[in-house]
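Structure below is query.cif: mmCIF, C-alpha atoms and all ligand atoms.
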```
data_entry
loop_
_atom_site.label_atom_id
_atom_site.label_comp_id
_atom_site.auth_asym_id
_atom_site.auth_seq_id
_atom_site.Cartn_x
_atom_site.Cartn_y
_atom_site.Cartn_z
CA MET N 947 -91.62 247.80 167.01
CA LYS N 948 -94.06 249.14 164.42
CA ARG N 949 -96.81 251.61 165.32
CA SER N 950 -100.45 250.92 164.61
CA LYS N 951 -102.94 253.34 163.11
CA ILE N 952 -106.66 253.71 162.54
CA ALA N 953 -106.85 252.87 158.84
CA GLY N 954 -110.62 253.23 158.47
CA ILE N 955 -113.53 254.21 160.66
CA GLY N 956 -117.31 254.00 160.35
CA TYR N 957 -120.47 254.35 162.37
CA TYR N 958 -124.10 253.38 162.20
CA VAL N 959 -127.09 254.73 164.08
CA PRO N 960 -130.62 253.40 163.61
CA GLU N 961 -132.99 255.57 161.60
CA ARG N 962 -135.59 256.13 164.28
CA ILE N 963 -135.09 259.34 166.25
CA VAL N 964 -136.71 259.60 169.68
CA THR N 965 -137.02 263.13 171.00
CA ASN N 966 -137.24 264.13 174.65
CA ASP N 967 -140.87 265.08 174.06
CA GLU N 968 -141.59 261.52 172.94
CA LEU N 969 -140.24 260.20 176.26
CA THR N 970 -142.58 262.53 178.17
CA LYS N 971 -145.46 260.41 176.84
CA VAL N 972 -144.31 257.33 178.78
CA MET N 973 -142.61 258.77 181.88
CA ASP N 974 -142.74 261.83 184.09
CA THR N 975 -139.98 263.96 182.58
CA THR N 976 -139.58 267.10 180.49
CA ASP N 977 -137.48 268.22 177.55
CA GLU N 978 -136.27 271.10 179.70
CA TRP N 979 -135.05 268.81 182.54
CA ILE N 980 -133.21 266.49 180.17
CA GLN N 981 -131.54 269.27 178.16
CA GLU N 982 -130.57 271.26 181.22
CA ARG N 983 -128.97 268.30 183.07
CA THR N 984 -127.51 266.35 180.15
CA GLY N 985 -127.60 268.44 176.96
CA ILE N 986 -129.47 265.63 175.18
CA ARG N 987 -132.21 266.61 172.69
CA GLU N 988 -132.80 263.26 171.01
CA ARG N 989 -131.39 259.76 170.59
CA HIS N 990 -131.79 256.92 168.09
CA TYR N 991 -133.49 253.58 168.88
CA GLY N 992 -133.04 250.41 166.84
CA VAL N 993 -135.93 248.53 165.28
CA LYS N 994 -136.94 245.74 167.67
CA HIS N 995 -136.61 242.22 166.22
CA GLU N 996 -134.78 243.62 163.18
CA GLU N 997 -131.65 245.25 164.57
CA THR N 998 -129.29 244.17 167.31
CA THR N 999 -126.01 245.20 168.86
CA SER N 1000 -124.12 242.88 166.49
CA SER N 1001 -126.11 243.81 163.35
CA MET N 1002 -125.44 247.53 163.97
CA ALA N 1003 -121.79 246.70 164.59
CA ALA N 1004 -121.60 244.89 161.26
CA ALA N 1005 -123.04 247.94 159.47
CA ALA N 1006 -120.37 250.18 161.04
CA ALA N 1007 -117.65 247.59 160.38
CA ARG N 1008 -118.45 247.39 156.65
CA ILE N 1009 -117.93 251.16 156.34
CA ALA N 1010 -114.68 250.99 158.32
CA CYS N 1011 -113.40 248.14 156.08
CA GLU N 1012 -114.25 250.04 152.91
CA ARG N 1013 -112.44 253.16 154.15
CA ALA N 1014 -109.43 251.06 155.16
CA GLY N 1015 -109.41 249.58 151.67
CA ILE N 1016 -109.93 246.01 152.82
CA ALA N 1017 -112.66 243.41 152.40
CA PRO N 1018 -114.17 241.95 155.61
CA GLU N 1019 -112.44 238.67 154.64
CA GLU N 1020 -109.11 240.35 155.38
CA ILE N 1021 -109.96 240.93 159.06
CA ASP N 1022 -107.62 238.84 161.29
CA PHE N 1023 -109.10 239.51 164.68
CA ILE N 1024 -112.16 241.13 166.27
CA VAL N 1025 -112.37 243.01 169.56
CA PHE N 1026 -115.98 243.77 170.50
CA ALA N 1027 -116.96 246.16 173.29
CA THR N 1028 -120.53 246.32 174.55
CA LEU N 1029 -122.62 246.25 177.72
CA SER N 1030 -125.80 245.38 175.84
CA PRO N 1031 -124.93 242.11 174.07
CA ASP N 1032 -127.41 240.16 171.93
CA TYR N 1033 -126.94 237.13 174.21
CA TYR N 1034 -125.57 236.73 177.74
CA PHE N 1035 -123.27 234.27 175.97
CA PRO N 1036 -121.79 233.77 173.44
CA GLY N 1037 -120.53 237.30 173.03
CA CYS N 1038 -121.12 239.63 170.11
CA GLY N 1039 -117.64 239.07 168.62
CA VAL N 1040 -118.63 235.78 166.99
CA LEU N 1041 -122.02 237.20 166.00
CA VAL N 1042 -120.49 240.12 164.11
CA GLN N 1043 -118.07 237.65 162.50
CA ARG N 1044 -121.13 235.73 161.25
CA GLU N 1045 -122.88 238.94 160.16
CA LEU N 1046 -119.83 239.90 158.13
CA GLY N 1047 -119.79 236.46 156.50
CA ILE N 1048 -116.25 235.59 157.56
CA THR N 1049 -116.87 232.39 159.52
CA HIS N 1050 -114.95 230.37 156.91
CA LYS N 1051 -111.78 232.15 157.98
CA GLU N 1052 -109.85 231.57 161.18
CA VAL N 1053 -110.62 234.84 162.87
CA GLY N 1054 -110.26 235.23 166.61
CA ALA N 1055 -112.97 237.18 168.43
CA LEU N 1056 -112.65 238.75 171.86
CA ASP N 1057 -115.48 240.34 173.81
CA ILE N 1058 -114.73 242.92 176.42
CA ARG N 1059 -116.98 244.25 179.17
CA ASN N 1060 -115.74 247.71 179.94
CA GLN N 1061 -118.85 249.79 179.42
CA CYS N 1062 -118.18 253.45 178.57
CA SER N 1063 -114.41 252.95 178.28
CA GLY N 1064 -114.89 249.77 176.21
CA PHE N 1065 -113.76 251.22 172.89
CA ILE N 1066 -110.54 252.63 174.36
CA TYR N 1067 -109.77 249.29 176.03
CA ALA N 1068 -110.53 247.55 172.71
CA LEU N 1069 -108.30 249.96 170.79
CA SER N 1070 -105.46 249.40 173.24
CA ILE N 1071 -105.75 245.61 172.87
CA ALA N 1072 -105.74 245.92 169.08
CA ASP N 1073 -102.75 248.27 169.28
CA GLN N 1074 -100.71 245.66 171.21
CA PHE N 1075 -101.60 242.88 168.74
CA VAL N 1076 -100.73 245.00 165.69
CA LYS N 1077 -97.54 246.54 167.13
CA THR N 1078 -96.13 243.12 167.96
CA GLY N 1079 -96.86 241.91 164.43
CA MET N 1080 -99.40 239.28 165.45
CA TYR N 1081 -102.25 240.71 163.33
CA LYS N 1082 -102.51 243.08 160.35
CA ASN N 1083 -106.19 244.02 160.29
CA VAL N 1084 -107.95 244.15 163.63
CA LEU N 1085 -111.62 245.14 163.72
CA VAL N 1086 -112.45 247.12 166.84
CA VAL N 1087 -116.12 247.70 167.57
CA GLY N 1088 -118.21 249.48 170.17
CA SER N 1089 -121.93 248.91 169.82
CA GLU N 1090 -124.98 249.28 172.06
CA MET N 1091 -128.66 248.49 171.81
CA HIS N 1092 -129.70 250.19 175.04
CA SER N 1093 -133.34 250.69 174.11
CA MET N 1094 -134.08 246.97 174.61
CA GLY N 1095 -133.06 246.99 178.29
CA LEU N 1096 -134.17 250.26 179.85
CA ASP N 1097 -136.95 250.97 182.33
CA PHE N 1098 -139.41 253.19 180.45
CA SER N 1099 -141.50 253.88 183.57
CA THR N 1100 -140.94 257.00 185.71
CA ARG N 1101 -138.90 254.87 188.14
CA GLY N 1102 -136.15 254.49 185.52
CA ARG N 1103 -136.19 258.08 184.21
CA ASN N 1104 -132.81 259.19 185.61
CA VAL N 1105 -131.07 256.46 183.57
CA THR N 1106 -133.35 255.92 180.58
CA VAL N 1107 -133.37 259.47 179.23
CA ILE N 1108 -129.57 259.42 178.91
CA PHE N 1109 -129.01 256.40 176.68
CA GLY N 1110 -129.26 255.78 172.95
CA ASP N 1111 -128.43 253.07 170.40
CA GLY N 1112 -125.61 253.00 167.85
CA ALA N 1113 -122.33 251.47 166.76
CA GLY N 1114 -118.85 252.59 165.76
CA ALA N 1115 -116.00 250.56 164.29
CA ALA N 1116 -112.39 250.95 163.24
CA ILE N 1117 -109.79 248.91 161.41
CA ILE N 1118 -106.39 248.95 163.10
CA GLN N 1119 -103.38 248.31 160.87
CA PRO N 1120 -99.59 248.66 161.13
CA THR N 1121 -98.04 251.83 159.74
CA ASP N 1122 -94.53 252.50 158.43
CA GLU N 1123 -94.83 256.25 159.03
CA PRO N 1124 -92.70 257.00 162.11
CA GLU N 1125 -94.73 260.06 163.11
CA GLN N 1126 -98.17 258.54 162.56
CA GLY N 1127 -100.44 256.28 164.60
CA ILE N 1128 -101.40 255.43 168.15
CA LEU N 1129 -98.83 257.10 170.42
CA THR N 1130 -100.06 255.69 173.69
CA THR N 1131 -103.08 254.28 175.52
CA LYS N 1132 -103.72 254.47 179.26
CA LEU N 1133 -106.16 252.14 181.00
CA HIS N 1134 -107.39 252.19 184.61
CA SER N 1135 -110.01 250.66 186.86
CA ASP N 1136 -111.21 250.74 190.46
CA GLY N 1137 -113.88 248.27 191.52
CA THR N 1138 -114.53 249.91 194.90
CA TYR N 1139 -117.78 251.44 193.67
CA ALA N 1140 -118.81 248.78 191.17
CA GLU N 1141 -122.48 248.94 192.19
CA LYS N 1142 -122.83 252.74 191.81
CA LEU N 1143 -123.45 252.35 188.09
CA ALA N 1144 -124.47 248.81 187.35
CA PHE N 1145 -126.85 246.32 185.78
CA ILE N 1146 -126.99 243.79 188.63
CA ASN N 1147 -129.72 241.33 187.65
CA PRO N 1148 -129.90 238.82 186.15
CA GLY N 1149 -126.53 237.64 187.43
CA ALA N 1150 -124.75 234.91 189.36
CA HIS N 1151 -123.82 237.07 192.36
CA GLY N 1152 -126.29 235.42 194.74
CA GLY N 1153 -126.27 238.54 196.92
CA TYR N 1154 -122.56 237.98 197.78
CA HIS N 1155 -121.29 241.50 197.19
CA PHE N 1156 -124.24 243.10 198.96
CA LYS N 1157 -123.62 241.00 202.09
CA LYS N 1158 -119.94 242.00 202.04
CA LEU N 1159 -120.87 245.65 201.59
CA GLY N 1160 -123.23 245.30 204.58
CA GLU N 1161 -126.30 246.10 202.48
CA GLN N 1162 -129.56 244.28 203.08
CA VAL N 1163 -131.17 243.67 199.71
CA ASP N 1164 -133.93 241.09 199.35
CA PHE N 1165 -133.51 239.54 195.93
CA GLY N 1166 -136.05 236.80 196.78
CA TYR N 1167 -133.50 233.98 196.80
CA PRO N 1168 -134.47 230.46 197.90
CA PRO N 1169 -132.63 229.00 200.98
CA PRO N 1170 -128.81 228.68 200.60
CA ASP N 1171 -128.94 224.86 200.23
CA THR N 1172 -131.19 225.15 197.15
CA TYR N 1173 -129.73 225.55 193.68
CA GLY N 1174 -131.42 227.36 190.83
CA GLU N 1175 -133.52 230.52 190.95
CA ILE N 1176 -130.38 232.50 191.77
CA PHE N 1177 -129.68 234.06 188.41
CA ILE N 1178 -133.13 235.59 188.17
CA THR N 1179 -135.88 235.21 190.78
CA PRO N 1180 -139.64 235.87 190.60
CA LYS N 1181 -139.09 238.66 193.17
CA MET N 1182 -136.57 240.44 190.94
CA ILE N 1183 -139.17 240.40 188.20
CA SER N 1184 -142.09 241.50 190.39
CA ASP N 1185 -139.93 244.29 191.91
CA GLY N 1186 -138.70 245.37 188.47
CA ASN N 1187 -135.18 244.81 189.79
CA TYR N 1188 -133.62 243.96 186.44
CA TYR N 1189 -132.67 247.34 185.02
CA PRO N 1190 -129.53 249.46 185.13
CA ASN N 1191 -129.17 251.74 188.12
CA MET N 1192 -126.95 254.75 188.63
CA GLU N 1193 -126.06 257.17 191.41
CA GLY N 1194 -125.80 260.06 189.00
CA GLN N 1195 -124.14 262.69 191.15
CA PHE N 1196 -121.53 260.24 192.43
CA VAL N 1197 -120.67 259.25 188.85
CA PHE N 1198 -120.53 262.90 187.78
CA LYS N 1199 -118.05 263.91 190.50
CA LEU N 1200 -115.66 261.05 189.76
CA ALA N 1201 -115.93 261.47 185.99
CA VAL N 1202 -114.86 265.14 186.02
CA GLN N 1203 -111.82 264.15 188.12
CA LYS N 1204 -110.72 261.07 186.13
CA PHE N 1205 -111.14 262.47 182.60
CA PRO N 1206 -108.51 265.24 183.03
CA GLU N 1207 -106.22 262.92 185.04
CA VAL N 1208 -106.02 260.25 182.36
CA ILE N 1209 -105.69 262.80 179.53
CA HIS N 1210 -102.75 264.46 181.31
CA GLU N 1211 -101.20 261.05 181.95
CA ALA N 1212 -101.17 260.23 178.21
CA LEU N 1213 -99.92 263.71 177.25
CA ASN N 1214 -97.10 263.55 179.81
CA GLU N 1215 -95.94 260.20 178.52
CA ALA N 1216 -95.87 261.52 174.96
CA GLY N 1217 -94.14 264.74 176.03
CA LEU N 1218 -97.09 266.83 174.83
CA LYS N 1219 -99.37 269.52 176.30
CA THR N 1220 -103.12 270.12 176.24
CA SER N 1221 -102.52 272.96 173.76
CA ASP N 1222 -101.09 270.35 171.33
CA ILE N 1223 -104.46 268.57 171.13
CA ASN N 1224 -106.23 269.29 167.85
CA MET N 1225 -109.31 267.28 168.74
CA LEU N 1226 -110.47 265.78 172.04
CA ILE N 1227 -113.12 263.11 171.65
CA PRO N 1228 -114.56 262.58 175.12
CA HIS N 1229 -116.93 259.71 175.81
CA GLN N 1230 -120.35 261.29 175.43
CA ALA N 1231 -121.56 260.65 178.99
CA ASN N 1232 -123.25 263.96 179.61
CA LEU N 1233 -122.66 267.32 177.91
CA ARG N 1234 -122.15 268.91 181.33
CA ILE N 1235 -119.29 266.48 182.06
CA SER N 1236 -117.62 267.26 178.71
CA GLN N 1237 -117.99 271.02 179.27
CA PHE N 1238 -116.52 270.68 182.76
CA VAL N 1239 -113.54 268.69 181.42
CA GLN N 1240 -113.03 271.20 178.59
CA ARG N 1241 -112.89 274.05 181.13
CA ILE N 1242 -110.43 272.22 183.41
CA LEU N 1243 -108.14 271.48 180.45
CA GLY N 1244 -108.50 275.00 179.07
CA LEU N 1245 -109.52 273.81 175.60
CA ARG N 1246 -111.37 275.90 173.01
CA ASP N 1247 -114.74 274.79 171.60
CA ASP N 1248 -113.11 273.80 168.30
CA GLN N 1249 -110.79 271.38 170.15
CA VAL N 1250 -113.62 269.23 171.55
CA TRP N 1251 -116.24 267.19 169.68
CA ASN N 1252 -119.67 266.76 171.27
CA ASN N 1253 -122.63 265.01 169.68
CA ILE N 1254 -124.53 263.73 172.73
CA GLN N 1255 -127.23 266.29 171.87
CA ARG N 1256 -128.26 264.09 168.91
CA TYR N 1257 -127.38 260.56 170.04
CA GLY N 1258 -127.55 260.49 173.82
CA ASN N 1259 -124.97 258.35 175.60
CA THR N 1260 -124.18 255.32 173.44
CA THR N 1261 -121.63 253.92 175.94
CA ALA N 1262 -119.01 251.80 174.11
CA ALA N 1263 -120.14 253.24 170.77
CA SER N 1264 -119.91 256.90 171.75
CA VAL N 1265 -116.16 257.44 171.20
CA PRO N 1266 -115.99 255.81 167.73
CA ILE N 1267 -119.22 257.50 166.59
CA ALA N 1268 -117.92 260.91 167.69
CA LEU N 1269 -114.46 260.25 166.23
CA CYS N 1270 -115.95 259.22 162.90
CA GLU N 1271 -118.30 262.20 162.78
CA ALA N 1272 -115.47 264.64 163.55
CA TRP N 1273 -113.34 263.04 160.82
CA GLU N 1274 -116.23 263.07 158.30
CA ALA N 1275 -116.80 266.76 159.10
CA GLY N 1276 -113.17 267.46 158.12
CA LYS N 1277 -112.20 268.43 161.66
CA ILE N 1278 -109.45 265.80 161.88
CA LYS N 1279 -106.67 266.02 159.31
CA GLU N 1280 -103.45 264.16 158.69
CA GLY N 1281 -100.87 265.00 161.33
CA ASP N 1282 -103.47 266.17 163.88
CA LEU N 1283 -103.16 265.08 167.49
CA VAL N 1284 -106.38 263.34 168.52
CA CYS N 1285 -107.11 262.43 172.11
CA LEU N 1286 -109.79 259.90 173.06
CA ALA N 1287 -110.91 259.66 176.69
CA ALA N 1288 -113.62 257.80 178.57
CA PHE N 1289 -114.90 257.07 182.05
CA GLY N 1290 -117.69 254.75 183.07
CA SER N 1291 -119.11 251.87 185.04
CA GLY N 1292 -116.67 249.70 186.93
CA PHE N 1293 -115.32 252.24 187.38
CA THR N 1294 -113.03 251.96 184.38
CA TRP N 1295 -111.43 254.79 182.47
CA GLY N 1296 -108.79 255.36 179.83
CA SER N 1297 -107.31 257.56 177.14
CA ALA N 1298 -105.60 257.21 173.78
CA LEU N 1299 -103.38 259.65 171.89
CA ILE N 1300 -103.30 259.30 168.13
CA ARG N 1301 -101.23 261.17 165.56
CA TRP N 1302 -103.66 261.04 162.61
N1 LIG C 1401 -136.86 263.90 184.48
C1 LIG C 1401 -137.29 264.66 185.47
N2 LIG C 1401 -136.84 264.58 186.74
C2 LIG C 1401 -135.89 263.66 186.98
C3 LIG C 1401 -135.39 262.82 185.99
C4 LIG C 1401 -135.91 262.97 184.68
N3 LIG C 1401 -135.49 262.23 183.65
N4 LIG C 1401 -134.45 262.02 186.53
C5 LIG C 1401 -134.36 262.33 187.82
N5 LIG C 1401 -135.24 263.33 188.10
C6 LIG C 1401 -135.48 263.98 189.36
C7 LIG C 1401 -135.10 263.13 190.55
O1 LIG C 1401 -136.15 262.25 190.88
C8 LIG C 1401 -134.85 264.16 191.61
O2 LIG C 1401 -136.09 264.58 192.10
P1 LIG C 1401 -136.26 264.96 193.66
O3 LIG C 1401 -135.32 266.11 193.87
O4 LIG C 1401 -137.69 265.32 193.76
O5 LIG C 1401 -135.86 263.74 194.42
C9 LIG C 1401 -134.25 265.33 190.83
O6 LIG C 1401 -134.63 265.11 189.45
C10 LIG C 1401 -132.76 265.43 190.93
O7 LIG C 1401 -132.22 264.10 190.71
P2 LIG C 1401 -130.69 263.84 190.64
O8 LIG C 1401 -130.47 262.42 190.30
O9 LIG C 1401 -130.06 264.39 191.88
O10 LIG C 1401 -130.34 264.77 189.40
P3 LIG C 1401 -128.97 265.27 188.92
O11 LIG C 1401 -128.93 266.74 188.91
O12 LIG C 1401 -127.83 264.56 189.56
O13 LIG C 1401 -128.98 264.82 187.38
C11 LIG C 1401 -128.03 263.08 186.08
C12 LIG C 1401 -129.07 263.44 187.09
C13 LIG C 1401 -128.33 263.80 184.79
C14 LIG C 1401 -128.06 261.59 185.85
C15 LIG C 1401 -126.65 263.54 186.60
O14 LIG C 1401 -126.44 263.14 187.92
C16 LIG C 1401 -125.54 263.03 185.77
O15 LIG C 1401 -125.42 263.32 184.62
N6 LIG C 1401 -124.65 262.25 186.36
C17 LIG C 1401 -123.53 261.71 185.65
C18 LIG C 1401 -123.85 260.36 185.29
C19 LIG C 1401 -123.74 260.14 183.82
O16 LIG C 1401 -123.35 260.96 183.03
N7 LIG C 1401 -124.08 258.97 183.49
C20 LIG C 1401 -123.99 258.58 182.16
C21 LIG C 1401 -123.69 257.17 182.13
S1 LIG C 1401 -122.23 256.82 182.92
C22 LIG C 1401 -121.08 257.34 181.99
O17 LIG C 1401 -121.21 257.27 180.81
C23 LIG C 1401 -119.97 257.92 182.65
#
```

Encoding of this model in structure tokens:
Amino acid sequence: MKRSKIAGIGYYVPERIVTNDELTKVMDTTDEWIQERTGIRERHYGVKHEETTSSMAAAAARIACERAGIAPEEIDFIVFATLSPDYYFPGCGVLVQRELGITHKEVGALDIRNQCSGFIYALSIADQFVKTGMYKNVLVVGSEMHSMGLDFSTRGRNVTVIFGDGAGAAIIQPTDEPEQGILTTKLHSDGTYAEKLAFINPGAHGGYHFKKLGEQVDFGYPPPDTYGEIFITPKMISDGNYYPNMEGQFVFKLAVQKFPEVIHEALNEAGLKTSDINMLIPHQANLRISQFVQRILGLRDDQVWNNIQRYGNTTAASVPIALCEAWEAGKIKEGDLVCLAAFGSGFTWGSALIRW
């Protein structure tokens, strides 16, 4: 079987920079609190009504295509990862296809919902398609427009200050070089704590999971024999119960355990050690998480790329943005061992080892 490789990579972040100080004007928070807990100084927000998750993805995809030496028309298949889609349905895959002007071609588009680990899941899917010879040019995208769906009141401050907008994309192609390409990908999930980091409403759950978990939550549903008003109720709106929520410390503790686990798993399979890693690109969840993981793995500063300080957490976009930045900065060279790793809502987590 052939190997697949990242043939081109690109990223796009909106122009507008929002500093921590700017957020203090709308909610009770401070630059000091945000930097101390998360490392974040600023993030980028898209222009409302002018930019979307799929339009940012298209901008990143055009750069990736150019660097891979292909025209968008040559894309065979799209894998799109996001938790902040333009529409509830259809997914962003077909929208980026339209943005790229390739609707005349028979291109398949797959949307995946794996939050922070979305890009690694997408890369793994593309890897399987390319290795088996089914496709030659797979576009893999992670893109998020968080700023449209966050609670900018003090109630939402623990979540809102963390997230930013942006997109990253890669073109996955087969390679004939025996030493080059994606060596392995590892994917995991555990739904036990699905609600610990979640965007619950609107949704079709009808309170089901909460009843099973023994939690009494009044979503304002009509009686069980009445249809409608389940997906979103007036009470959800009046309570402001339609934003993401997160039990931060719970997420933190699990993240610092799963990141090293899944990195070791990939290294073991490839017969490699942490000292062989030239560049670790961790999902930019929180600078403190990345620093913790770096310490556990015993990596030097020059072996880990962090950019959350400037972009915040861009969820599915964070790994490709960081990977692209590190490559543009000349920190990833041919033959280098690159490790991607992510952990996030679900919980889902994964890693990828790439010989560049
Ligand atoms: N500004 C000021 N004060 C705040 C803010 C804010 N933005 N947010 C919360 N606080 C307050 C809380 O209200 C609380 O006040 P209290 O003690 O009076 O009740 C206090 O700060 C401490 O709150 P905690 O939630 O316990 O703060 P913590 O130290 O855990 O930091 C944080 C919160 C940064 C979210 C941290 O838990 C964390 O990073 N967790 C990991 C989760 C993560 O990285 N998520 C990213 C998305 S998921 C992913 O990508 C993996």

Please report, as JSON lines, each residue of chain N lying at most 6 Å from ligand LIG 1401 (chain C), together with the nearest pair of atoms and the separation in Å rounded to one decimal; use only C-alpha atoms and all ligand atoms, and order rows by chain and ascending residue number.
```
{"residue": "N:Thr975", "atom": "CA", "partner": "C:LIG1401", "partner_atom": "N1", "distance": 3.7}
{"residue": "N:Thr976", "atom": "CA", "partner": "C:LIG1401", "partner_atom": "N1", "distance": 5.8}
{"residue": "N:Trp979", "atom": "CA", "partner": "C:LIG1401", "partner_atom": "C1", "distance": 5.6}
{"residue": "N:Ile980", "atom": "CA", "partner": "C:LIG1401", "partner_atom": "N3", "distance": 6.0}
{"residue": "N:Arg983", "atom": "CA", "partner": "C:LIG1401", "partner_atom": "C13", "distance": 4.9}
{"residue": "N:Thr984", "atom": "CA", "partner": "C:LIG1401", "partner_atom": "C13", "distance": 5.4}
{"residue": "N:Cys1062", "atom": "CA", "partner": "C:LIG1401", "partner_atom": "O17", "distance": 5.4}
{"residue": "N:Arg1103", "atom": "CA", "partner": "C:LIG1401", "partner_atom": "N3", "distance": 4.2}
{"residue": "N:Asn1104", "atom": "CA", "partner": "C:LIG1401", "partner_atom": "N4", "distance": 3.4}
{"residue": "N:Val1107", "atom": "CA", "partner": "C:LIG1401", "partner_atom": "N3", "distance": 5.6}
{"residue": "N:Gly1194", "atom": "CA", "partner": "C:LIG1401", "partner_atom": "O14", "distance": 3.3}
{"residue": "N:Gln1195", "atom": "CA", "partner": "C:LIG1401", "partner_atom": "O14", "distance": 4.0}
{"residue": "N:Val1197", "atom": "CA", "partner": "C:LIG1401", "partner_atom": "C18", "distance": 4.9}
{"residue": "N:Phe1198", "atom": "CA", "partner": "C:LIG1401", "partner_atom": "C17", "distance": 3.9}
{"residue": "N:Ala1231", "atom": "CA", "partner": "C:LIG1401", "partner_atom": "O17", "distance": 3.9}
{"residue": "N:Asn1232", "atom": "CA", "partner": "C:LIG1401", "partner_atom": "O16", "distance": 4.6}
{"residue": "N:Thr1261", "atom": "CA", "partner": "C:LIG1401", "partner_atom": "O17", "distance": 5.9}
{"residue": "N:Phe1289", "atom": "CA", "partner": "C:LIG1401", "partner_atom": "C23", "distance": 5.2}
{"residue": "N:Gly1290", "atom": "CA", "partner": "C:LIG1401", "partner_atom": "C23", "distance": 3.9}
```

> In Å to one decimal, how far is atom CA of Ile1108 of chain N from atom CA of Arg1008 of chain N?
Replying inline: 27.6 Å

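The smallest atom-to-atom distance between Asn1187 of chain N and any of N:Val1053, N:Ile1146, N:Leu969, N:Ile1066, using all atoms listed in the file, is found for N:Ile1146.
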
>> Just want the 7 Å neighbourhood of segment 1094-1101 of chain N, counted on only C-alpha atoms, with same-chain residues fewer than 6 positions away dropped. Output as a count of residues only.
In response: 4

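In this model, the gap between atom CA of Val1025 of chain N and atom CA of Ala1006 of chain N comes to 13.7 Å.
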
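Each of N:Cys1038, N:Ile986, N:Val1284, N:Cys1011 was checked against Thr965 of chain N using all atoms listed in the file; the smallest atom-to-atom distance is that of N:Ile986.
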
> Of the candidates N:Met1192, N:Ile1223, N:Ala1150, N:Ala1010, which one gets nearest to Thr1106 of chain N if we count all atoms listed in the file?
Replying inline: N:Met1192

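The interatomic distance for the pair atom CA of Gly1153 of chain N and atom CA of Lys1181 of chain N works out to 13.4 Å.
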
Would you mind writing segment 982-993 of chain N with N, CA and C atoms, as a PDB file, keeping the file's coordinate frame?
```pdb
ATOM      1  N   GLU N 982    -131.324 270.500 180.227  1.00  0.00           N
ATOM      2  CA  GLU N 982    -130.570 271.260 181.220  1.00  0.00           C
ATOM      3  C   GLU N 982    -129.517 270.394 181.925  1.00  0.00           C
ATOM      4  N   ARG N 983    -129.897 269.156 182.302  1.00  0.00           N
ATOM      5  CA  ARG N 983    -128.970 268.300 183.070  1.00  0.00           C
ATOM      6  C   ARG N 983    -127.965 267.538 182.207  1.00  0.00           C
ATOM      7  N   THR N 984    -128.352 267.252 180.953  1.00  0.00           N
ATOM      8  CA  THR N 984    -127.510 266.350 180.150  1.00  0.00           C
ATOM      9  C   THR N 984    -127.113 266.914 178.786  1.00  0.00           C
ATOM     10  N   GLY N 985    -127.839 267.902 178.296  1.00  0.00           N
ATOM     11  CA  GLY N 985    -127.600 268.440 176.960  1.00  0.00           C
ATOM     12  C   GLY N 985    -128.282 267.647 175.848  1.00  0.00           C
ATOM     13  N   ILE N 986    -128.907 266.530 176.207  1.00  0.00           N
ATOM     14  CA  ILE N 986    -129.470 265.630 175.180  1.00  0.00           C
ATOM     15  C   ILE N 986    -130.813 266.176 174.662  1.00  0.00           C
ATOM     16  N   ARG N 987    -130.942 266.207 173.313  1.00  0.00           N
ATOM     17  CA  ARG N 987    -132.210 266.610 172.690  1.00  0.00           C
ATOM     18  C   ARG N 987    -132.963 265.395 172.158  1.00  0.00           C
ATOM     19  N   GLU N 988    -132.201 264.448 171.615  1.00  0.00           N
ATOM     20  CA  GLU N 988    -132.800 263.260 171.010  1.00  0.00           C
ATOM     21  C   GLU N 988    -131.776 262.138 170.980  1.00  0.00           C
ATOM     22  N   ARG N 989    -132.267 260.921 170.727  1.00  0.00           N
ATOM     23  CA  ARG N 989    -131.390 259.760 170.590  1.00  0.00           C
ATOM     24  C   ARG N 989    -132.020 258.861 169.538  1.00  0.00           C
ATOM     25  N   HIS N 990    -131.266 257.851 169.099  1.00  0.00           N
ATOM     26  CA  HIS N 990    -131.790 256.920 168.090  1.00  0.00           C
ATOM     27  C   HIS N 990    -132.077 255.575 168.772  1.00  0.00           C
ATOM     28  N   TYR N 991    -133.189 254.924 168.372  1.00  0.00           N
ATOM     29  CA  TYR N 991    -133.490 253.580 168.880  1.00  0.00           C
ATOM     30  C   TYR N 991    -133.557 252.617 167.690  1.00  0.00           C
ATOM     31  N   GLY N 992    -132.998 251.444 167.879  1.00  0.00           N
ATOM     32  CA  GLY N 992    -133.040 250.410 166.840  1.00  0.00           C
ATOM     33  C   GLY N 992    -134.436 249.839 166.670  1.00  0.00           C
ATOM     34  N   VAL N 993    -134.631 249.163 165.543  1.00  0.00           N
ATOM     35  CA  VAL N 993    -135.930 248.530 165.280  1.00  0.00           C
ATOM     36  C   VAL N 993    -135.930 247.166 165.969  1.00  0.00           C
TER      37      VAL N 993
END
```
